[in-house]
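Asks: To be precise about what I am sending: the file is called input01.cif and holds mmCIF, C-alpha atoms.
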data_work
loop_
_atom_site.group_PDB
_atom_site.id
_atom_site.type_symbol
_atom_site.label_atom_id
_atom_site.label_comp_id
_atom_site.auth_asym_id
_atom_site.auth_seq_id
_atom_site.Cartn_x
_atom_site.Cartn_y
_atom_site.Cartn_z
ATOM 1 C CA MET A 4 -0.239 39.549 21.856
ATOM 2 C CA ASP A 5 3.261 40.234 23.216
ATOM 3 C CA TYR A 6 2.514 38.184 26.334
ATOM 4 C CA ILE A 7 1.517 35.196 24.222
ATOM 5 C CA ILE A 8 4.754 35.388 22.252
ATOM 6 C CA VAL A 9 6.835 35.622 25.431
ATOM 7 C CA ILE A 10 5.004 32.689 26.990
ATOM 8 C CA LEU A 11 5.447 30.622 23.822
ATOM 9 C CA LEU A 12 9.184 31.371 23.754
ATOM 10 C CA ILE A 13 9.546 30.299 27.376
ATOM 11 C CA VAL A 14 7.576 27.102 26.734
ATOM 12 C CA ILE A 15 9.668 26.310 23.645
ATOM 13 C CA PHE A 16 12.863 26.923 25.626
ATOM 14 C CA PHE A 17 11.882 24.502 28.364
ATOM 15 C CA ILE A 18 10.672 21.863 25.939
ATOM 16 C CA GLY A 19 14.099 22.090 24.283
ATOM 17 C CA PHE A 20 15.784 22.021 27.676
ATOM 18 C CA VAL A 21 13.931 18.840 28.676
ATOM 19 C CA PHE A 22 14.634 17.254 25.282
ATOM 20 C CA ILE A 23 18.378 17.991 25.494
ATOM 21 C CA ASP A 24 18.458 16.718 29.083
ATOM 22 C CA LYS A 25 16.812 13.438 28.012
ATOM 23 C CA ILE A 26 19.230 13.012 25.096
ATOM 24 C CA TYR A 27 22.190 13.711 27.382
ATOM 25 C CA SER A 28 20.999 11.165 29.953
ATOM 26 C CA ILE A 29 20.508 8.505 27.238
ATOM 27 C CA ALA A 30 23.833 9.058 25.475
ATOM 28 C CA LYS A 31 26.258 9.430 28.368
ATOM 29 C CA PRO A 32 29.842 9.133 27.161
ATOM 30 C CA VAL A 33 31.790 6.042 28.182
ATOM 31 C CA GLU A 34 34.713 8.176 29.448
ATOM 32 C CA SER A 35 32.576 9.488 32.302
ATOM 33 C CA THR A 36 32.882 6.125 34.094
ATOM 34 C CA ILE A 37 36.690 6.343 34.165
ATOM 35 C CA PRO A 38 37.919 8.302 37.192
ATOM 36 C CA VAL A 39 40.007 11.333 36.324
ATOM 37 C CA PHE A 40 42.508 12.702 38.794
ATOM 38 C CA TYR A 41 43.668 16.287 38.504
ATOM 39 C CA PRO A 42 46.866 17.399 40.219
ATOM 40 C CA THR A 43 46.489 19.864 43.054
ATOM 41 C CA TYR A 44 48.941 22.644 43.589
ATOM 42 C CA PRO A 45 49.409 24.066 47.094
ATOM 43 C CA ASN A 46 49.761 27.711 45.991
ATOM 44 C CA ASN A 47 46.683 27.568 43.781
ATOM 45 C CA ILE A 48 43.694 29.352 45.313
ATOM 46 C CA SER A 49 40.514 27.574 44.331
ATOM 47 C CA ASN A 50 37.408 29.535 43.534
ATOM 48 C CA ASP A 51 34.659 28.618 45.941
ATOM 49 C CA VAL A 52 31.930 30.694 44.314
ATOM 50 C CA LEU A 53 31.019 31.452 40.708
ATOM 51 C CA ILE A 54 29.024 34.671 40.356
ATOM 52 C CA TYR A 55 27.193 35.237 37.080
ATOM 53 C CA GLY A 56 25.749 38.606 36.181
ATOM 54 C CA ASP A 57 26.239 41.764 34.216
ATOM 55 C CA SER A 58 26.435 44.576 36.742
ATOM 56 C CA ASP A 59 28.356 46.085 39.644
ATOM 57 C CA PHE A 60 26.051 43.972 41.797
ATOM 58 C CA CYS A 61 28.416 41.022 41.210
ATOM 59 C CA ILE A 62 31.416 43.006 42.419
ATOM 60 C CA ASP A 63 29.577 43.959 45.616
ATOM 61 C CA ILE A 64 28.672 40.308 46.268
ATOM 62 C CA SER A 65 32.263 39.239 45.576
ATOM 63 C CA ASN A 66 33.632 41.820 48.035
ATOM 64 C CA ILE A 67 31.265 40.629 50.774
ATOM 65 C CA LEU A 68 32.227 37.007 50.137
ATOM 66 C CA GLU A 69 35.938 37.897 50.245
ATOM 67 C CA GLN A 70 35.366 39.400 53.691
ATOM 68 C CA ASN A 71 33.987 35.999 54.722
ATOM 69 C CA ARG A 72 37.011 34.191 53.226
ATOM 70 C CA LEU A 73 35.210 32.785 50.207
ATOM 71 C CA HIS A 74 37.093 33.213 46.947
ATOM 72 C CA SER A 75 34.930 34.032 43.974
ATOM 73 C CA GLU A 76 35.092 34.439 40.240
ATOM 74 C CA ILE A 77 32.780 36.762 38.330
ATOM 75 C CA LEU A 78 31.468 35.661 34.944
ATOM 76 C CA TYR A 79 29.937 38.332 32.738
ATOM 77 C CA ASP A 80 29.346 36.278 29.580
ATOM 78 C CA ILE A 81 27.889 32.780 29.625
ATOM 79 C CA ASN A 82 29.914 31.899 26.501
ATOM 80 C CA ASN A 83 33.169 32.332 28.452
ATOM 81 C CA LEU A 84 32.259 29.689 31.040
ATOM 82 C CA ASP A 85 35.069 27.186 31.617
ATOM 83 C CA LYS A 86 33.274 23.944 32.435
ATOM 84 C CA SER A 87 36.496 22.291 33.581
ATOM 85 C CA CYS A 88 36.748 24.555 36.650
ATOM 86 C CA SER A 89 35.156 23.390 39.858
ATOM 87 C CA TYR A 90 33.106 25.517 42.211
ATOM 88 C CA ASN A 91 31.254 24.817 45.428
ATOM 89 C CA LEU A 92 28.572 27.469 44.961
ATOM 90 C CA LEU A 93 26.928 29.350 42.105
ATOM 91 C CA ILE A 94 25.131 32.681 42.250
ATOM 92 C CA ALA A 95 23.191 33.879 39.193
ATOM 93 C CA VAL A 96 22.203 37.550 39.446
ATOM 94 C CA SER A 97 21.727 38.550 35.838
ATOM 95 C CA LYS A 98 18.832 40.801 34.866
ATOM 96 C CA SER A 99 17.584 38.006 32.590
ATOM 97 C CA ASP A 100 15.741 35.086 34.176
ATOM 98 C CA LEU A 101 16.491 32.983 31.105
ATOM 99 C CA ASP A 102 20.242 33.501 31.560
ATOM 100 C CA ASN A 103 19.974 32.772 35.288
ATOM 101 C CA LEU A 104 18.082 29.535 34.654
ATOM 102 C CA THR A 105 20.521 28.500 31.927
ATOM 103 C CA ILE A 106 23.656 29.067 34.006
ATOM 104 C CA CYS A 107 22.081 27.250 36.972
ATOM 105 C CA ALA A 108 21.208 24.274 34.761
ATOM 106 C CA ILE A 109 24.716 24.159 33.284
ATOM 107 C CA GLY A 110 26.266 24.494 36.724
ATOM 108 C CA THR A 111 24.262 21.721 38.343
ATOM 109 C CA LYS A 112 24.068 19.255 35.462
ATOM 110 C CA MET A 113 27.372 19.675 33.642
ATOM 111 C CA MET A 114 29.744 21.088 36.250
ATOM 112 C CA GLY A 115 28.446 19.268 39.329
ATOM 113 C CA ILE A 116 27.864 22.363 41.455
ATOM 114 C CA LYS A 117 25.738 21.231 44.376
ATOM 115 C CA LYS A 118 24.519 24.565 45.751
ATOM 116 C CA VAL A 119 23.069 27.327 43.595
ATOM 117 C CA LEU A 120 21.208 30.536 44.280
ATOM 118 C CA SER A 121 19.511 32.641 41.648
ATOM 119 C CA LEU A 122 17.808 35.980 41.406
ATOM 120 C CA CYS A 123 14.256 35.792 40.031
ATOM 121 C CA ASN A 124 13.549 39.091 38.279
ATOM 122 C CA GLN A 125 9.936 38.538 37.246
ATOM 123 C CA GLN A 126 7.219 37.238 39.582
ATOM 124 C CA TYR A 127 5.656 35.091 36.850
ATOM 125 C CA ASN A 128 8.895 33.067 36.503
ATOM 126 C CA LYS A 129 8.817 31.810 40.104
ATOM 127 C CA LYS A 130 7.071 28.606 39.062
ATOM 128 C CA ILE A 131 9.829 27.806 36.562
ATOM 129 C CA TYR A 132 12.471 28.095 39.280
ATOM 130 C CA GLU A 133 10.395 25.883 41.583
ATOM 131 C CA GLU A 134 9.786 23.239 38.902
ATOM 132 C CA ASN A 135 13.531 23.014 38.272
ATOM 133 C CA SER A 136 14.402 22.967 42.000
ATOM 134 C CA ILE A 137 16.521 26.105 41.770
ATOM 135 C CA PRO A 138 16.625 28.157 44.985
ATOM 136 C CA TYR A 139 15.872 31.790 44.251
ATOM 137 C CA LEU A 140 15.336 35.200 45.782
ATOM 138 C CA CYS A 141 12.571 37.274 44.257
ATOM 139 C CA ASN A 142 12.283 40.919 45.193
ATOM 140 C CA SER A 143 13.084 44.143 43.405
ATOM 141 C CA SER A 144 14.847 45.603 46.454
ATOM 142 C CA ILE A 145 17.306 42.775 47.163
ATOM 143 C CA SER A 146 20.776 44.011 48.030
ATOM 144 C CA ALA A 147 24.146 42.349 47.558
ATOM 145 C CA SER A 148 24.392 41.748 51.296
ATOM 146 C CA ASP A 149 21.012 39.930 51.256
ATOM 147 C CA ILE A 150 22.254 37.566 48.566
ATOM 148 C CA ALA A 151 25.606 37.005 50.281
ATOM 149 C CA LEU A 152 23.900 36.358 53.626
ATOM 150 C CA THR A 153 21.521 33.827 52.041
ATOM 151 C CA LEU A 154 24.450 32.147 50.303
ATOM 152 C CA LEU A 155 26.412 31.915 53.543
ATOM 153 C CA LYS A 156 23.400 30.255 55.181
ATOM 154 C CA ILE A 157 23.253 27.693 52.343
ATOM 155 C CA SER A 158 26.936 26.841 52.599
#
Please go through the file and, once you have read it, give me the structure as structure tokens.
Replies:
Amino acid sequence: MDYIIVILLIVIFFIGFVFIDKIYSIAKPVESTIPVFYPTYPNNISNDVLIYGDSDFCIDISNILEQNRLHSEILYDINNLDKSCSYNLLIAVSKSDLDNLTICAIGTKMMGIKKVLSLCNQQYNKKIYEENSIPYLCNSSISASDIALTLLKIS
């Protein structure tokens, strides 16, 4: 019975996701066609990578990326996401596949992040990642260095 409820919740989430995506594509704001230029400051270090998760795993990934001269920002709460910031890469390593899928969708559709990588926690969610064209790593023994190495290959 619990499996049916979980499956129904996932189905309802993705139906809502598709519906919101269709509404957004129909009702694009007029301002989006006007080019916006933001000033650049020479001393400002841009964040190349956004890391989303809720563990020390994110700190390990960030340290490895810093060693490879990629600046990163760690986001622990999806509600604190600043959509005006720009990033080149996104890593979602939360323990929740739903959160990982959500942050990847927001990053690619609303923030324009071209390259994403997510951690798939449950084997049965692999198809959802594939249907949404989200690159993922799925293994219970994945280390921070494995994720960083895969990300460096993508970039």
Asks: Find the residue from A:Phe22, A:Phe17, A:Tyr79, A:Tyr139 that sits nearest to A:Leu101; use all atoms listed in the file when measuring.
Replies: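 Counting all atoms listed in the file, the residue closest to A:Leu101 is A:Phe17.
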Asks: To one decimal place, how far is atom CA of A:Tyr127 from atom CA of A:Met113 in Å?
Replies: 26.8 Å
Asks: From the options A:Ser58, A:Ser89, A:Asn128, A:Ser99, which residue's atoms come nearest to A:Val14, counting all atoms listed in the file?
Replies: A:Asn128
Asks: Please measure the separation of atom CA of A:Asp100 and atom CA of A:Asn124, giving the value in Å to one decimal.
Replies: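 So the answer is 6.1 Å.
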Asks: Could you check how far atom CA of A:Asn91 sits from atom CA of A:Ser146, in Å to one decimal?
Replies: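 Answer for the atom CA of A:Asn91 to atom CA of A:Ser146 separation: 22.0 Å.
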Asks: For each of A:Lys156, A:Asp85, A:Ala151, A:Phe20, take the minimum atom-to-atom distance to A:Gln70, counting only C-alpha atoms, then give the residue where this is smallest.
Replies: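 Result for the nearest residue to A:Gln70: A:Ala151.
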Asks: Looking at only C-alpha atoms, which of A:Ile116, A:Ala108, A:Leu73, A:Ile67 is the one that sits closest to A:Ile150?
Replies: A:Ile67
Asks: So, counting only C-alpha atoms, which residue among A:Phe60, A:Tyr55, A:Tyr6, A:Tyr132 is closest to A:Ile81?
Replies: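 Looking at the shortest contact to A:Ile81, the residue is A:Tyr55.
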Asks: Which residue, A:Asn66, A:Ser87, A:Ser75, A:Ser121, has the smallest gap to A:Asp51 when you use only C-alpha atoms?
Replies: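 Of the candidates, the smallest distance to A:Asp51 is held by A:Ser75.
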Asks: Name the residues captured by the PyMOL selection byres ((chain A and resi 143) around 12) when it is applied to the shown file; answer as JSON, numbers by chain.
Replies: {"A": [96, 98, 122, 123, 124, 125, 126, 140, 141, 142, 144, 145, 146, 147, 149]}
Asks: Applying the PyMOL selection byres ((chain A and resi 114) around 12) to the file I just gave you, which residues come out? Please list them as a PDB file with C-alpha atoms, in the coordinates of the input.
Replies:
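Contents of result_27.pdb, freshly written:
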ATOM      1  CA  LEU A  53      31.019  31.452  40.708  1.00  0.00           C
ATOM      2  CA  LEU A  84      32.259  29.689  31.040  1.00  0.00           C
ATOM      3  CA  ASP A  85      35.069  27.186  31.617  1.00  0.00           C
ATOM      4  CA  LYS A  86      33.274  23.944  32.435  1.00  0.00           C
ATOM      5  CA  SER A  87      36.496  22.291  33.581  1.00  0.00           C
ATOM      6  CA  CYS A  88      36.748  24.555  36.650  1.00  0.00           C
ATOM      7  CA  SER A  89      35.156  23.390  39.858  1.00  0.00           C
ATOM      8  CA  TYR A  90      33.106  25.517  42.211  1.00  0.00           C
ATOM      9  CA  ASN A  91      31.254  24.817  45.428  1.00  0.00           C
ATOM     10  CA  LEU A  92      28.572  27.469  44.961  1.00  0.00           C
ATOM     11  CA  LEU A  93      26.928  29.350  42.105  1.00  0.00           C
ATOM     12  CA  ILE A 106      23.656  29.067  34.006  1.00  0.00           C
ATOM     13  CA  CYS A 107      22.081  27.250  36.972  1.00  0.00           C
ATOM     14  CA  ALA A 108      21.208  24.274  34.761  1.00  0.00           C
ATOM     15  CA  ILE A 109      24.716  24.159  33.284  1.00  0.00           C
ATOM     16  CA  GLY A 110      26.266  24.494  36.724  1.00  0.00           C
ATOM     17  CA  THR A 111      24.262  21.721  38.343  1.00  0.00           C
ATOM     18  CA  LYS A 112      24.068  19.255  35.462  1.00  0.00           C
ATOM     19  CA  MET A 113      27.372  19.675  33.642  1.00  0.00           C
ATOM     20  CA  GLY A 115      28.446  19.268  39.329  1.00  0.00           C
ATOM     21  CA  ILE A 116      27.864  22.363  41.455  1.00  0.00           C
ATOM     22  CA  LYS A 117      25.738  21.231  44.376  1.00  0.00           C
ATOM     23  CA  LYS A 118      24.519  24.565  45.751  1.00  0.00           C
ATOM     24  CA  VAL A 119      23.069  27.327  43.595  1.00  0.00           C
TER      25      VAL A 119
END
